[in-house]
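J.: Here you go, one structure.
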Amino acid sequence: MKSIFKVLKFTIIIILGSFIFISSDCSKVETSDPCDDTVRPLIEASFNLKVQIEYSDGVPYEGTVKYIIWKNYCGGQESGRFTKLGNTNASGYWNSSYIYTYKFENTEDKVQVNFLMESGNLGSTTYDLYYYAEIENDNFIDKTYGITLPFASTD
């Protein structure tokens, strides 16, 4: 009788162990990346950006300009940050003389552009954002930004 209980006990342990092993989920837990839903074919865009700055009284700004351009991927990672300093001419015009090229492969990828004066009076406002949709059909952006300072030349 003891041997029957031992065999029965052993059989129950084997059956329960098999059930637990079969019912356990050993698969990997996959995380969802929200950027997977916005992937698009790879395209490149080049940027030739210039600036024309004047004071609120119409006088051209003559001074140092800081130009910053960079890309943020869909997930927020920053890439390709470039900073260029230069001086406007007597008409308040400045061209960085550089063409920056970025790759886009997601609708949420974006290129950001800032222009700042050396004194910081222009602030750090982003003057433009370029997303995939903006450059999809025009991959060479050649633009001059007209900026009017919020103060007069005499201030």
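The way I read the labels, and the way they are meant: chains A, B, ... in the order of the structure tokens, residue 1 as the first residue of every chain, and ligand 1 as the first ligand shown, with later ones counted on from there.
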Would you pick out the contacts of Glu136 in chain A at 12 Å or less, using only C-alpha atoms, so that residues sharing its chain but fewer than 5 positions from it are not included, and give the list as a PyMOL selection string?
T.: chain A and resi 40-46+103-107+109+130-131+141
J.: Could you give me, as a PyMOL selection string, the residues within 6 Å of range 70-87 of chain A, counting only C-alpha atoms and dropping anything in the same chain fewer than 4 positions from it?
T.: chain A and resi 63-66+108-112
J.: As a count of residues only, please: every residue in range 17-138 of chain A that a backbone DSSP assignment puts in strand (DSSP E or B).
T.: 60
J.: Find the spatial neighbours of Asp57 in chain A, counting only C-alpha atoms, within a cut-off of 12 Å - ignore same-chain residues fewer than 2 positions away - and output them as a count of residues only.
T.: 14
J.: Could you tell me how far CA of Asn48 in chain A lies from CA of Cys35 in chain A, in Å and to one decimal?
T.: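 Result for CA of Asn48 in chain A versus CA of Cys35 in chain A: 28.1 Å, one decimal.
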J.: Mind pulling up the distance from CA of Lys50 in chain A to CA of Asn95 in chain A?
T.: 4.6 Å
J.: Using only C-alpha atoms, which of the listed residues (A:Ile68, A:Ile99, A:Gly92, A:Asp128) sits closest to Phe115 in chain A?
T.: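 The answer is A:Ile68, which sits nearest to Phe115 in chain A.
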J.: What is the distance, in Å and to one decimal place, between CA of Asp138 in chain A and CA of Asn89 in chain A?
T.: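 It comes out at 29.2 Å.
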J.: When DSSP is applied to the backbone of this structure, which of range 19-121 of chain A are assigned alpha helix (DSSP H)? Write them out as JSON, numbers by chain.
T.: {"A": [19, 20, 21, 22, 23]}
J.: Would you output that residue set with C-alpha atoms, as a PDB file, in the first residue's frame?
T.:
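Result went into selection-v2.pdb, see below:
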```
ATOM      1  CA  PHE A  19       1.045  21.309 -16.276  1.00  0.00           C
ATOM      2  CA  ILE A  20       2.995  24.185 -14.711  1.00  0.00           C
ATOM      3  CA  PHE A  21       5.777  23.882 -17.295  1.00  0.00           C
ATOM      4  CA  ILE A  22       3.342  23.779 -20.233  1.00  0.00           C
ATOM      5  CA  SER A  23       1.195  26.659 -18.980  1.00  0.00           C
TER       6      SER A  23
END
```
J.: Would you kindly return, as number ranges by chain, each protein, DNA or RNA residue with an atom no farther than 7 Å from any atom of Gln52 in chain A, considering only C-alpha atoms and excluding same-chain residues fewer than 3 positions away?
T.: A: 92-94, 144-147
J.: For Ala90 in chain A, which residue out of A:Val113, A:Glu62, A:Ile135, A:Ile69 is the nearest one, using only C-alpha atoms?
T.: A:Glu62
